[in-house]
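File shown: work-v1.txt (compact mmCIF, C-alpha atoms).
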# COMPACT_ATOMS: atom_id res chain seq x y z
CA MET C 183 75.49 283.29 159.03
CA LYS C 184 74.44 280.30 157.04
CA THR C 185 75.96 278.00 159.60
CA SER C 186 74.05 279.47 162.49
CA ARG C 187 70.78 279.34 160.57
CA GLY C 188 71.36 275.66 159.80
CA GLY C 189 72.07 275.04 163.48
CA THR C 190 68.89 276.81 164.55
CA ASN C 191 66.84 274.76 162.11
CA ASN C 192 68.22 271.59 163.57
CA LEU C 193 67.43 272.73 167.06
CA VAL C 194 63.91 273.62 166.01
CA SER C 195 63.38 270.26 164.33
CA GLY C 196 64.76 268.52 167.42
CA ALA C 197 62.40 270.44 169.69
CA LYS C 198 59.54 269.81 167.29
CA ALA C 199 60.23 266.08 167.25
CA SER C 200 60.10 266.02 171.03
CA ALA C 201 56.89 268.08 171.09
CA ASP C 202 55.29 265.71 168.55
CA PHE C 203 56.47 262.76 170.56
CA GLU C 204 55.08 264.15 173.80
CA GLU C 205 51.77 264.89 172.16
CA VAL C 206 51.40 261.33 170.91
CA PHE C 207 52.85 259.37 173.81
CA LEU C 208 52.58 261.32 177.07
CA PRO C 209 48.80 260.67 177.17
CA HIS C 210 49.69 256.97 177.51
CA LEU C 211 51.92 257.54 180.54
CA ASP C 212 49.37 255.98 182.91
CA ALA C 213 49.01 252.94 180.67
CA ALA C 214 52.78 252.59 180.53
CA TYR C 215 53.16 252.97 184.27
CA ASN C 216 50.32 250.59 185.11
CA LEU C 217 51.83 247.83 182.96
CA ALA C 218 55.35 248.44 184.29
CA ARG C 219 54.04 248.54 187.85
CA TRP C 220 52.26 245.20 187.49
CA LEU C 221 55.18 243.55 185.73
CA THR C 222 57.95 244.80 188.03
CA ARG C 223 55.68 244.80 191.12
CA ASP C 224 57.64 247.69 192.57
CA PRO C 225 56.86 251.43 192.35
CA SER C 226 60.39 252.73 192.01
CA ASP C 227 61.41 250.03 189.55
CA ALA C 228 58.33 250.85 187.50
CA ASP C 229 59.40 254.48 187.58
CA ASP C 230 62.83 253.64 186.18
CA VAL C 231 61.50 251.23 183.59
CA VAL C 232 58.92 253.71 182.29
CA GLN C 233 61.52 256.45 181.95
CA GLU C 234 63.82 254.11 180.09
CA ALA C 235 60.96 252.92 177.88
CA PHE C 236 60.02 256.49 176.98
CA MET C 237 63.59 257.30 176.02
CA ARG C 238 63.72 254.16 173.91
CA ALA C 239 60.41 255.02 172.32
CA PHE C 240 61.72 258.47 171.53
CA ARG C 241 64.77 257.00 169.85
CA PHE C 242 62.57 254.72 167.75
CA PHE C 243 60.04 257.49 167.14
CA SER C 244 61.07 257.89 163.52
CA GLY C 245 60.03 254.26 163.06
CA PHE C 246 56.51 254.99 164.27
CA HIS C 247 54.31 255.69 161.28
CA GLY C 248 51.02 256.45 162.96
CA GLY C 249 48.59 253.74 164.03
CA ASP C 250 47.95 252.48 167.53
CA SER C 251 50.35 254.58 169.58
CA ARG C 252 49.30 253.05 172.91
CA ALA C 253 50.00 249.49 171.73
CA TRP C 254 53.28 250.66 170.15
CA LEU C 255 54.39 252.23 173.42
CA LEU C 256 53.20 249.34 175.60
CA LYS C 257 55.18 246.90 173.48
CA ILE C 258 58.32 248.89 174.25
CA VAL C 259 57.38 249.14 177.94
CA ARG C 260 56.82 245.39 178.10
CA ASN C 261 60.16 244.60 176.46
CA THR C 262 61.94 247.10 178.68
CA CYS C 263 60.35 245.48 181.74
CA TYR C 264 61.45 241.99 180.83
CA THR C 265 64.94 243.09 179.88
CA TRP C 266 65.14 244.96 183.15
CA ILE C 267 63.93 242.00 185.19
CA LYS C 268 66.34 239.64 183.45
CA LYS C 269 69.21 241.99 184.20
CA ASN C 270 68.31 242.99 187.75
CA ARG C 271 66.53 239.92 189.08
CA PRO C 272 68.10 237.07 187.16
CA ARG C 273 66.39 234.53 189.40
CA GLU C 274 62.89 235.70 188.62
CA ILE C 275 61.23 233.40 186.14
CA ILE C 276 59.63 235.16 183.19
CA TYR C 277 59.25 232.11 180.99
CA GLU C 278 56.49 231.81 178.48
CA LEU C 279 53.85 229.37 179.61
CA ASP C 280 53.73 225.92 178.12
CA GLU C 281 50.53 226.11 176.12
CA GLU C 282 50.11 222.34 175.81
CA MET C 283 50.55 221.65 179.49
CA HIS C 284 47.84 224.02 180.54
CA GLN C 285 45.47 223.12 177.75
CA ALA C 286 44.47 219.98 179.62
CA THR C 287 42.83 221.90 182.43
CA SER C 288 40.38 223.84 180.32
CA GLY C 289 37.29 222.66 182.17
CA ASP C 290 35.80 225.34 184.38
CA PRO C 291 35.39 224.63 188.04
CA ALA C 292 31.81 225.05 189.09
CA THR C 293 32.45 227.86 191.49
CA VAL C 294 30.35 230.85 192.21
CA LEU C 295 32.46 233.91 192.47
CA GLN C 296 31.60 236.05 195.44
CA GLU C 297 29.59 239.04 194.38
CA ASN C 298 31.79 241.34 196.37
CA ILE C 299 35.17 239.79 196.11
CA ASP C 300 37.62 241.49 198.43
CA ARG C 301 39.64 244.16 196.60
CA GLN C 302 42.84 243.57 198.48
CA LEU C 303 42.54 239.85 197.90
CA LEU C 304 42.06 240.32 194.17
CA ARG C 305 45.10 242.59 194.04
CA LYS C 306 47.17 240.00 195.87
CA LEU C 307 45.97 237.13 193.68
CA LEU C 308 46.69 239.06 190.48
CA ASP C 309 50.08 240.00 191.83
CA GLU C 310 50.89 236.36 192.43
CA LEU C 311 49.88 235.10 189.00
CA PRO C 312 52.67 233.94 186.67
CA PRO C 313 53.88 236.94 184.61
CA ALA C 314 52.37 235.68 181.34
CA PHE C 315 48.93 235.42 182.99
CA ARG C 316 49.33 238.63 184.93
CA GLU C 317 50.28 240.72 181.92
CA ILE C 318 47.40 239.51 179.79
CA ILE C 319 44.82 240.30 182.46
CA VAL C 320 46.40 243.69 183.06
CA LEU C 321 46.34 244.46 179.34
CA ARG C 322 42.76 243.32 178.85
CA ASP C 323 40.84 243.88 182.09
CA LEU C 324 42.75 246.85 183.49
CA GLU C 325 43.96 248.58 180.33
CA GLY C 326 41.05 247.51 178.14
CA LEU C 327 43.09 246.59 175.07
CA SER C 328 41.42 244.64 172.29
CA TYR C 329 42.68 241.14 171.54
CA LYS C 330 44.31 242.50 168.42
CA GLU C 331 46.15 245.17 170.40
CA ILE C 332 47.26 242.61 172.98
CA SER C 333 48.54 240.49 170.14
CA SER C 334 50.65 243.36 168.84
CA VAL C 335 51.95 244.30 172.32
CA THR C 336 52.89 240.74 173.26
CA GLU C 337 53.73 239.56 169.75
CA LEU C 338 51.54 236.50 170.35
CA PRO C 339 49.16 235.11 167.73
CA LEU C 340 45.53 236.10 168.20
CA GLY C 341 44.50 232.53 169.01
CA THR C 342 47.09 232.36 171.78
CA VAL C 343 45.91 235.66 173.22
CA MET C 344 42.39 234.24 173.28
CA SER C 345 43.26 230.95 174.97
CA ARG C 346 45.80 232.45 177.34
CA LEU C 347 43.39 235.08 178.57
CA ALA C 348 40.77 232.38 179.19
CA ARG C 349 43.28 230.33 181.17
CA ALA C 350 44.54 233.34 183.10
CA ARG C 351 41.04 234.29 184.22
CA GLN C 352 40.21 230.69 185.02
CA ARG C 353 43.29 230.49 187.19
CA LEU C 354 42.48 233.76 188.93
CA GLN C 355 38.92 232.66 189.52
CA ARG C 356 40.08 229.34 190.93
CA ASP C 357 42.56 231.09 193.23
CA ALA C 358 39.81 233.43 194.40
CA ALA C 359 37.47 230.51 195.09
CA ALA C 360 40.24 228.65 196.92
CA SER C 361 40.97 231.67 199.13
CA ALA C 362 37.27 232.11 199.83
CA THR C 363 36.76 228.51 200.90
CA GLY C 364 40.07 228.67 202.75
CA VAL C 365 38.77 231.62 204.75
CA LEU C 366 35.44 229.95 205.37
CA GLY C 367 36.96 226.57 206.24
CA MET Z 85 27.06 224.41 169.17
CA ASN Z 86 27.79 222.04 172.07
CA CYS Z 87 29.51 222.68 175.40
CA GLU Z 88 32.87 221.49 174.12
CA ASP Z 89 32.85 224.11 171.38
CA ALA Z 90 31.30 226.84 173.51
CA ARG Z 91 33.52 226.72 176.62
CA PRO Z 92 36.78 227.91 175.03
CA LEU Z 93 34.86 230.81 173.47
CA ILE Z 94 33.21 232.07 176.64
CA ASP Z 95 35.90 234.61 177.50
CA SER Z 96 35.98 235.99 173.97
CA PHE Z 97 32.19 236.10 174.08
CA ALA Z 98 32.21 237.99 177.36
CA ASP Z 99 34.80 240.37 175.91
CA GLY Z 100 32.75 240.94 172.76
CA GLU Z 101 35.65 239.69 170.66
CA LEU Z 102 33.84 236.98 168.69
CA ASP Z 103 32.79 237.39 165.11
CA LEU Z 104 29.06 237.67 164.58
CA VAL Z 105 28.44 234.04 163.61
CA ASN Z 106 30.24 232.61 166.63
CA HIS Z 107 28.78 235.24 168.91
CA VAL Z 108 25.24 234.28 167.98
CA GLN Z 109 26.00 230.57 168.29
CA VAL Z 110 27.49 230.96 171.79
CA GLU Z 111 24.60 233.16 172.80
CA ASN Z 112 22.12 230.50 171.67
CA HIS Z 113 24.05 227.81 173.50
CA LEU Z 114 24.05 229.77 176.75
CA GLU Z 115 20.30 230.06 176.58
CA GLU Z 116 19.88 226.33 176.55
CA CYS Z 117 22.85 225.19 178.69
CA LEU Z 118 22.77 226.03 182.37
CA ALA Z 119 26.36 224.92 183.11
CA CYS Z 120 27.86 227.06 180.36
CA ASP Z 121 25.68 229.98 181.32
CA HIS Z 122 26.96 229.56 184.85
CA ALA Z 123 30.55 229.67 183.61
CA PHE Z 124 29.75 232.79 181.63
CA ARG Z 125 28.25 234.49 184.67
CA ASP Z 126 31.31 233.61 186.71
CA ARG Z 127 33.54 235.20 184.11
CA SER Z 128 31.41 238.29 183.92
CA ALA Z 129 31.52 238.59 187.71
CA LEU Z 130 35.31 238.31 187.64
CA LYS Z 131 35.58 240.92 184.93
CA LYS Z 132 33.36 243.24 186.93
CA ALA Z 133 35.35 242.60 190.11
CA LEU Z 134 38.60 243.39 188.27
CA ALA Z 135 37.10 246.57 186.88
CA ASP Z 136 35.74 247.66 190.26
CA ALA Z 137 38.69 246.73 192.41
CA ASP Z 138 40.65 249.88 191.63
CA LEU Z 139 43.68 247.92 190.53
CA TYR Z 140 44.95 250.50 188.08
CA PHE Z 141 48.19 252.22 189.02
CA ARG Z 142 48.33 255.81 187.80
CA ALA Z 143 51.70 257.31 187.09
CA PRO Z 144 53.06 259.56 189.85
CA THR Z 145 52.87 263.21 188.76
CA GLU Z 146 56.60 263.75 189.10
CA LEU Z 147 57.22 260.94 186.59
CA ARG Z 148 55.63 263.06 183.87
CA SER Z 149 57.99 265.96 184.54
CA LYS Z 150 60.98 263.64 184.83
CA ILE Z 151 60.24 262.27 181.37
CA ARG Z 152 59.69 265.76 179.97
CA THR Z 153 63.05 266.87 181.31
CA ALA Z 154 64.81 263.79 179.97
CA LEU Z 155 63.23 264.32 176.56
CA SER Z 156 64.22 267.95 176.33
CA GLU Z 157 67.76 267.04 177.33
CA ALA Z 158 67.79 264.41 174.62
CA THR Z 159 66.61 266.85 171.97
CA THR Z 160 69.04 269.62 172.78
CA GLU Z 161 71.40 268.72 170.05
CA PRO Z 162 74.71 267.53 171.45
CA ILE Z 163 77.73 269.73 170.75
CA TYR Z 164 79.47 267.04 168.74
CA LYS Z 165 76.56 266.82 166.29
CA ARG Z 166 76.58 270.54 165.71
CA PHE Z 167 80.31 270.30 165.33
CA PHE Z 168 80.04 267.73 162.55
CA LYS Z 169 77.56 269.91 160.70
CA SER Z 170 79.89 272.89 160.82
CA ARG Z 171 81.35 273.99 157.48
CA TRP Z 172 84.54 274.82 159.31
CA LEU Z 173 85.01 271.11 159.86
CA PRO Z 174 87.61 270.63 157.05
CA THR Z 175 89.68 273.55 158.34
CA LEU Z 176 89.44 272.28 161.91
CA ALA Z 177 90.36 268.78 160.81
CA ALA Z 178 93.41 270.09 158.96
CA ALA Z 179 94.45 272.11 162.00
CA ALA Z 180 93.98 269.11 164.28
CA LEU Z 181 96.05 266.98 161.95
CA LEU Z 182 98.83 269.53 161.99
CA VAL Z 183 98.82 269.62 165.78
CA VAL Z 184 98.96 265.82 165.95
CA ALA Z 185 101.83 265.77 163.45
CA LEU Z 186 103.77 268.34 165.45
CA PHE Z 187 103.27 266.45 168.67
CA THR Z 188 104.31 263.18 167.10
CA THR Z 189 107.47 264.72 165.70
CA PHE Z 190 108.21 266.24 169.06
CA ALA Z 191 107.59 262.95 170.82
CA ILE Z 192 109.93 261.10 168.45
CA LEU Z 193 112.69 263.69 168.66
CA ARG Z 194 112.36 264.21 172.38
CA PRO Z 195 115.19 262.54 174.29
CA ALA Z 196 113.53 259.77 176.21
CA ASN Z 197 113.99 259.64 179.93
CA SER Z 198 117.21 257.69 180.40
CA ASN Z 199 115.87 255.82 183.41
CA ASP Z 200 112.88 254.72 181.35
CA LEU Z 201 115.14 253.36 178.68
CA LEU Z 202 117.36 251.65 181.24
CA ALA Z 203 114.37 250.11 182.99
CA ASN Z 204 113.30 248.65 179.65
CA GLU Z 205 116.78 247.29 179.10
CA MET Z 206 116.80 245.71 182.54
CA VAL Z 207 113.48 244.02 181.97
CA SER Z 208 114.70 242.77 178.59
CA ALA Z 209 117.85 241.43 180.22
CA HIS Z 210 115.73 239.70 182.85
CA VAL Z 211 113.51 238.10 180.22
CA ARG Z 212 116.52 237.03 178.18
CA SER Z 213 118.07 235.44 181.26
CA LEU Z 214 115.00 233.28 181.76
CA MET Z 215 115.38 231.75 178.35
CA ASP Z 216 117.01 228.37 178.29
CA LYS Z 217 120.55 228.26 179.72
CA HIS Z 218 120.97 232.01 179.82
CA LEU Z 219 120.41 232.43 183.51
CA MET Z 220 123.87 231.91 184.94
CA ASP Z 221 127.50 231.93 183.95
CA VAL Z 222 128.50 230.85 187.42
CA PRO Z 223 125.97 228.71 189.16
CA SER Z 224 126.74 228.81 192.84
CA THR Z 225 124.98 229.39 196.07
CA ASP Z 226 128.19 230.58 197.64
CA GLN Z 227 128.85 234.30 197.62
CA HIS Z 228 132.57 233.58 197.97
CA THR Z 229 132.49 231.75 194.69
CA VAL Z 230 130.36 234.24 192.88
CA LYS Z 231 132.19 237.39 193.88
CA PRO Z 232 135.68 236.36 192.73
CA TRP Z 233 134.22 235.09 189.49
CA PHE Z 234 133.41 238.63 188.42
CA GLU Z 235 137.02 239.64 188.95
CA GLY Z 236 138.79 240.39 185.70
CA LYS Z 237 135.52 240.31 183.84
CA LEU Z 238 134.30 243.67 185.03
CA ASP Z 239 135.99 246.96 185.81
CA PHE Z 240 134.22 247.05 189.15
CA SER Z 241 133.53 244.67 191.99
CA PRO Z 242 129.84 244.13 192.63
CA PRO Z 243 128.75 243.50 196.22
CA VAL Z 244 127.60 239.90 196.46
CA VAL Z 245 125.43 239.13 199.45
CA ASP Z 246 123.86 235.86 200.41
CA LEU Z 247 120.28 236.35 201.58
CA THR Z 248 119.31 232.75 202.21
CA GLN Z 249 118.44 233.66 205.78
CA GLN Z 250 116.00 236.26 204.50
CA GLY Z 251 114.42 233.82 202.08
CA PHE Z 252 116.23 234.90 198.93
CA THR Z 253 118.66 232.19 197.85
CA LEU Z 254 121.64 233.29 195.79
CA ILE Z 255 121.87 230.80 192.95
CA GLY Z 256 124.52 232.33 190.74
CA GLY Z 257 125.93 235.23 188.80
CA ARG Z 258 126.14 236.33 185.22
CA LEU Z 259 127.67 238.95 183.01
CA ASP Z 260 125.16 241.05 181.17
CA TYR Z 261 125.20 244.09 179.00
CA ALA Z 262 122.96 247.12 179.40
CA GLY Z 263 123.16 250.88 179.22
CA GLY Z 264 126.14 250.59 176.90
CA ARG Z 265 128.36 248.71 179.33
CA PRO Z 266 128.97 245.29 180.85
CA ILE Z 267 127.13 244.88 184.12
CA ALA Z 268 126.93 242.28 186.87
CA ALA Z 269 123.80 240.24 187.33
CA LEU Z 270 123.19 238.38 190.57
CA VAL Z 271 120.54 235.72 190.41
CA TYR Z 272 118.38 235.07 193.45
CA GLN Z 273 115.55 232.64 193.84
CA ARG Z 274 112.49 232.78 196.03
CA ARG Z 275 110.19 229.80 195.76
CA LEU Z 276 110.08 229.23 192.01
CA HIS Z 277 110.62 232.87 191.12
CA ILE Z 278 113.85 234.15 189.67
CA ILE Z 279 115.12 237.59 190.63
CA ASN Z 280 117.83 239.33 188.68
CA VAL Z 281 119.76 242.05 190.48
CA PHE Z 282 121.71 244.14 188.01
CA ILE Z 283 124.63 246.17 189.34
CA TYR Z 284 126.95 248.71 187.72
CA PRO Z 285 128.92 251.71 188.92
CA THR Z 286 127.37 255.15 188.65
CA GLN Z 287 128.26 258.76 189.32
CA ASP Z 288 124.86 259.40 190.88
CA GLY Z 289 124.51 259.88 194.61
CA ASN Z 290 122.56 257.56 196.89
CA ALA Z 291 118.90 257.23 196.01
CA ALA Z 292 116.16 255.39 197.83
CA ALA Z 293 114.41 252.46 196.22
CA THR Z 294 111.65 253.25 193.74
CA THR Z 295 109.29 250.63 192.37
CA SER Z 296 107.69 250.43 188.96
CA THR Z 297 106.05 247.83 186.77
CA ARG Z 298 106.94 247.04 183.19
CA GLN Z 299 105.47 244.34 180.97
CA GLY Z 300 104.13 242.72 184.11
CA PHE Z 301 107.51 242.60 185.86
CA ASN Z 302 108.25 244.53 188.99
CA VAL Z 303 111.31 246.69 188.92
CA VAL Z 304 112.97 248.21 191.99
CA ARG Z 305 115.92 250.50 191.51
CA TRP Z 306 118.16 252.28 193.93
CA THR Z 307 121.65 253.74 194.13
CA ARG Z 308 124.09 253.15 196.93
CA SER Z 309 127.77 253.79 197.42
CA GLY Z 310 128.39 254.58 193.76
CA MET Z 311 126.55 251.51 192.51
CA ALA Z 312 123.24 251.43 190.68
CA PHE Z 313 121.01 248.47 191.53
CA TRP Z 314 118.08 247.17 189.53
CA ALA Z 315 116.06 244.25 190.88
CA VAL Z 316 113.70 242.71 188.34
CA SER Z 317 111.31 239.83 188.91
CA ASP Z 318 107.79 238.54 188.60
CA ILE Z 319 107.41 238.20 192.38
CA ASN Z 320 105.17 240.78 193.94
CA ALA Z 321 106.40 244.30 194.49
CA GLY Z 322 106.36 243.93 198.28
CA GLU Z 323 108.76 240.99 198.25
CA LEU Z 324 111.01 242.66 195.74
CA GLN Z 325 111.21 245.75 197.96
CA GLU Z 326 112.06 243.42 200.83
CA LEU Z 327 115.00 242.12 198.84
CA ALA Z 328 116.08 245.67 198.08
CA THR Z 329 115.99 246.51 201.77
CA ASP Z 330 117.96 243.38 202.65
CA LEU Z 331 120.60 244.16 200.04
CA GLN Z 332 121.02 247.68 201.34
CA SER Z 333 121.45 246.67 204.96
Rewritten as structure tokens:
Amino acid sequence: MKTSRGGTNNLVSGAKASADFEEVFLPHLDAAYNLARWLTRDPSDADDVVQEAFMRAFRFFSGFHGGDSRAWLLKIVRNTCYTWIKKNRPREIIYELDEEMHQATSGDPATVLQENIDRQLLRKLLDELPPAFREIIVLRDLEGLSYKEISSVTELPLGTVMSRLARARQRLQRDAAASATGVLG
Amino acid sequence: MNCEDARPLIDSFADGELDLVNHVQVENHLEECLACDHAFRDRSALKKALADADLYFRAPTELRSKIRTALSEATTEPIYKRFFKSRWLPTLAAAALLVVALFTTFAILRPANSNDLLANEMVSAHVRSLMDKHLMDVPSTDQHTVKPWFEGKLDFSPPVVDLTQQGFTLIGGRLDYAGGRPIAALVYQRRLHIINVFIYPTQDGNAAATTSTRQGFNVVRWTRSGMAFWAVSDINAGELQELATDLQS
């Protein structure tokens, strides 16, 4: 009798853990998918990565002591993405950008961004950005994370988040301007 | 604040991520600097475009249920975990131990398959023969030299066949000992590989060639006309079977 009661308790606590987990993390499924989709650039790969990330997150759930659950989950999604890309597309470059090299080009080009920049074009340009630029724009401008949250997702210092985001947008803006003049010319 | 200080802060300013002091300073600078204000407007336009462009990918609905299913599967406690929590575990462990002990005893006492044992002996004999100067007692490529040499040394006369034509060169013969009796060993060579063919009389009837592998060596055995044959070598099984066929013909 005692044995079966112990077993039932364990089952209940297991089910409870999963219910707690779902309550905290399933609301961030879109955020997880959006990041995975932009990093893998493929719907079915994003699907796989997100599932794997959720299972990982569930395994680490006991290590989550409250706080920013979205950032906590996105950090796992991001790591899962990069591990996945390294394993499945070994040729794809996911290097960290050389901060020094890009620092030199911090002057803004005097371009006027089109008021109604073409949606498809913007999607394409974002898609073609280097991963480190792409992810920071996705996290900030699509997901709306604060700099502090981005810093905890990417494990980058706050100052780097700040400068990298500036450079990423500058690059995107320049690409947009180049495409616009390219179309006009 | 001048342009040099203000420019790197424009994105943080547009994002509302600057502390109050810096925020006010950038704001003041933008009021008096047209170029920086221009840059700020560009950034704001880009931010707006990104927000409006519908770039956000929402998770497919079936993904949510897939994850739910996976989670519930993960939380259904695996049998082995429940097993380890069982208070019958010590009893079960003792029972398992007893079973293992019985099987081990049985395995030790069980008479091993005699062909298995012989095959091991043949492979050992082959390995021994490859050690320095153990290969041949009578080095000769002539079957008419090798065959008489066995006379008086064995209580049977092994068939000695030259297979040079077939690509197996007879290079000599040797006395060996296996299965509790002296046996004949014919040594053939193909390329750089040595093949030992062990022969001894047997009561068993004719049996077709069967191939096995032991310690990386191929072993082909067959019985013919009251003689048991064991060919052992490191050449591939196909070639060894070829030799067996040639010896039988």
Proximity check chain Z to chain C, 9 Å, nearest pairs one decimal Å, all atoms listed in the file, as CSV:
residue,atom,partner,partner_atom,distance
Z:Arg91,CA,C:Gly289,CA,7.8
Z:Pro92,CA,C:Ser345,CA,7.2
Z:Leu93,CA,C:Met344,CA,8.3
Z:Ile94,CA,C:Ala348,CA,8.0
Z:Asp95,CA,C:Ala348,CA,5.6
Z:Ser96,CA,C:Met344,CA,6.7
Z:Asp99,CA,C:Ser328,CA,8.7
Z:Glu101,CA,C:Tyr329,CA,7.2
Z:Ala119,CA,C:Ala292,CA,8.1
Z:His122,CA,C:Ala292,CA,7.9
Z:Ala123,CA,C:Asp290,CA,6.8
Z:Arg125,CA,C:Val294,CA,8.6
Z:Asp126,CA,C:Leu295,CA,5.9
Z:Arg127,CA,C:Arg351,CA,7.6
Z:Ala129,CA,C:Leu295,CA,6.7
Z:Leu130,CA,C:Gln355,CA,7.0
Z:Lys131,CA,C:Asp323,CA,6.7
Z:Lys132,CA,C:Asp323,CA,8.9
Z:Ala133,CA,C:Ile299,CA,6.6
Z:Leu134,CA,C:Asp323,CA,6.6
Z:Ala135,CA,C:Leu324,CA,6.6
Z:Asp136,CA,C:Arg301,CA,8.2
Z:Ala137,CA,C:Arg301,CA,5.0
Z:Asp138,CA,C:Arg301,CA,7.6
Z:Leu139,CA,C:Arg305,CA,6.5
Z:Tyr140,CA,C:Asn216,CA,6.1
Z:Phe141,CA,C:Asn216,CA,4.7
Z:Arg142,CA,C:Asp212,CA,5.0
Z:Ala143,CA,C:Asp212,CA,5.0
Z:Pro144,CA,C:Asp229,CA,8.4
Z:Leu147,CA,C:Asp229,CA,6.9
Z:Arg148,CA,C:Leu211,CA,7.4
Z:Lys150,CA,C:Gln233,CA,7.8
Z:Ile151,CA,C:Gln233,CA,6.0
Z:Arg152,CA,C:Glu204,CA,7.9
Z:Ala154,CA,C:Met237,CA,7.7
Z:Leu155,CA,C:Ser200,CA,6.6
Z:Ser156,CA,C:Ser200,CA,7.0
Z:Ala158,CA,C:Met237,CA,8.4
Z:Thr159,CA,C:Gly196,CA,5.2
Z:Thr160,CA,C:Leu193,CA,6.7
Z:Glu161,CA,C:Leu193,CA,6.4
Z:Arg166,CA,C:Gly189,CA,6.8
Z:Lys169,CA,C:Gly189,CA,8.0
Z:Ser170,CA,C:Thr185,CA,6.6
Z:Arg171,CA,C:Thr185,CA,7.0
Go ahead and save the residues from that selection, with C-alpha atoms, as a CSV table (one decimal), in the coordinates of the input.
chain,number,residue,atom,x,y,z
Z,91,ARG,CA,33.5,226.7,176.6
Z,92,PRO,CA,36.8,227.9,175.0
Z,93,LEU,CA,34.9,230.8,173.5
Z,94,ILE,CA,33.2,232.1,176.6
Z,95,ASP,CA,35.9,234.6,177.5
Z,96,SER,CA,36.0,236.0,174.0
Z,99,ASP,CA,34.8,240.4,175.9
Z,101,GLU,CA,35.6,239.7,170.7
Z,119,ALA,CA,26.4,224.9,183.1
Z,122,HIS,CA,27.0,229.6,184.8
Z,123,ALA,CA,30.6,229.7,183.6
Z,125,ARG,CA,28.2,234.5,184.7
Z,126,ASP,CA,31.3,233.6,186.7
Z,127,ARG,CA,33.5,235.2,184.1
Z,129,ALA,CA,31.5,238.6,187.7
Z,130,LEU,CA,35.3,238.3,187.6
Z,131,LYS,CA,35.6,240.9,184.9
Z,132,LYS,CA,33.4,243.2,186.9
Z,133,ALA,CA,35.4,242.6,190.1
Z,134,LEU,CA,38.6,243.4,188.3
Z,135,ALA,CA,37.1,246.6,186.9
Z,136,ASP,CA,35.7,247.7,190.3
Z,137,ALA,CA,38.7,246.7,192.4
Z,138,ASP,CA,40.6,249.9,191.6
Z,139,LEU,CA,43.7,247.9,190.5
Z,140,TYR,CA,45.0,250.5,188.1
Z,141,PHE,CA,48.2,252.2,189.0
Z,142,ARG,CA,48.3,255.8,187.8
Z,143,ALA,CA,51.7,257.3,187.1
Z,144,PRO,CA,53.1,259.6,189.8
Z,147,LEU,CA,57.2,260.9,186.6
Z,148,ARG,CA,55.6,263.1,183.9
Z,150,LYS,CA,61.0,263.6,184.8
Z,151,ILE,CA,60.2,262.3,181.4
Z,152,ARG,CA,59.7,265.8,180.0
Z,154,ALA,CA,64.8,263.8,180.0
Z,155,LEU,CA,63.2,264.3,176.6
Z,156,SER,CA,64.2,268.0,176.3
Z,158,ALA,CA,67.8,264.4,174.6
Z,159,THR,CA,66.6,266.8,172.0
Z,160,THR,CA,69.0,269.6,172.8
Z,161,GLU,CA,71.4,268.7,170.0
Z,166,ARG,CA,76.6,270.5,165.7
Z,169,LYS,CA,77.6,269.9,160.7
Z,170,SER,CA,79.9,272.9,160.8
Z,171,ARG,CA,81.4,274.0,157.5
*Excluding same-chain residues fewer than 5 positions from Gly256 of chain Z, what lies within 10 Å of it counting all atoms listed in the file, as a list in words?*
Leu219, Met220, Asp221, Val222, Pro223, Ser224, Thr225, Asp226, Gln227, Thr229, Val230, Lys231, Val244, Ala269, Leu270, Val271, Tyr272, Gln273 and Asn280 of chain Z
May I have the selected residues written with C-alpha atoms, as a short mmCIF file (atom, residue, chain, number, x, y, z; two decimals), in the coordinates of the input?
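Output file out.cif is given in full below:
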data_model
loop_
_atom_site.label_atom_id
_atom_site.label_comp_id
_atom_site.auth_asym_id
_atom_site.auth_seq_id
_atom_site.Cartn_x
_atom_site.Cartn_y
_atom_site.Cartn_z
CA LEU Z 219 120.41 232.43 183.51
CA MET Z 220 123.87 231.91 184.94
CA ASP Z 221 127.50 231.93 183.95
CA VAL Z 222 128.50 230.85 187.42
CA PRO Z 223 125.97 228.71 189.16
CA SER Z 224 126.74 228.81 192.84
CA THR Z 225 124.98 229.39 196.07
CA ASP Z 226 128.19 230.58 197.64
CA GLN Z 227 128.85 234.30 197.62
CA THR Z 229 132.49 231.75 194.69
CA VAL Z 230 130.36 234.24 192.88
CA LYS Z 231 132.19 237.39 193.88
CA VAL Z 244 127.60 239.90 196.46
CA ALA Z 269 123.80 240.24 187.33
CA LEU Z 270 123.19 238.38 190.57
CA VAL Z 271 120.54 235.72 190.41
CA TYR Z 272 118.38 235.07 193.45
CA GLN Z 273 115.55 232.64 193.84
CA ASN Z 280 117.83 239.33 188.68
#
*Which of these residues is nearest to Met85 of chain Z, using only C-alpha atoms: Z:Leu176, Z:Val110, Z:Ile319, Z:Leu104?*
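Distance minimum relative to Met85 of chain Z lands on Z:Val110.
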*So which residues fall inside 12 Å of (124.3, 243.4, 184.1) if we count all atoms listed in the file? Mind giving them as a VMD selection string?*
chain Z and resid 202 205 to 210 212 to 213 219 to 221 234 237 to 238 240 242 257 to 271 280 to 285 311 to 316
*Between atom CA of Trp306 of chain Z and atom CA of Thr294 of chain Z, measure the distance and give it in Å to one decimal.*
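Separation of atom CA of Trp306 of chain Z and atom CA of Thr294 of chain Z: 6.6 Å.
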*Coordinates-based distance that separates atom CA of Asp250 of chain C from atom CA of Pro339 of chain C (Å, one decimal)*: 17.4 Å
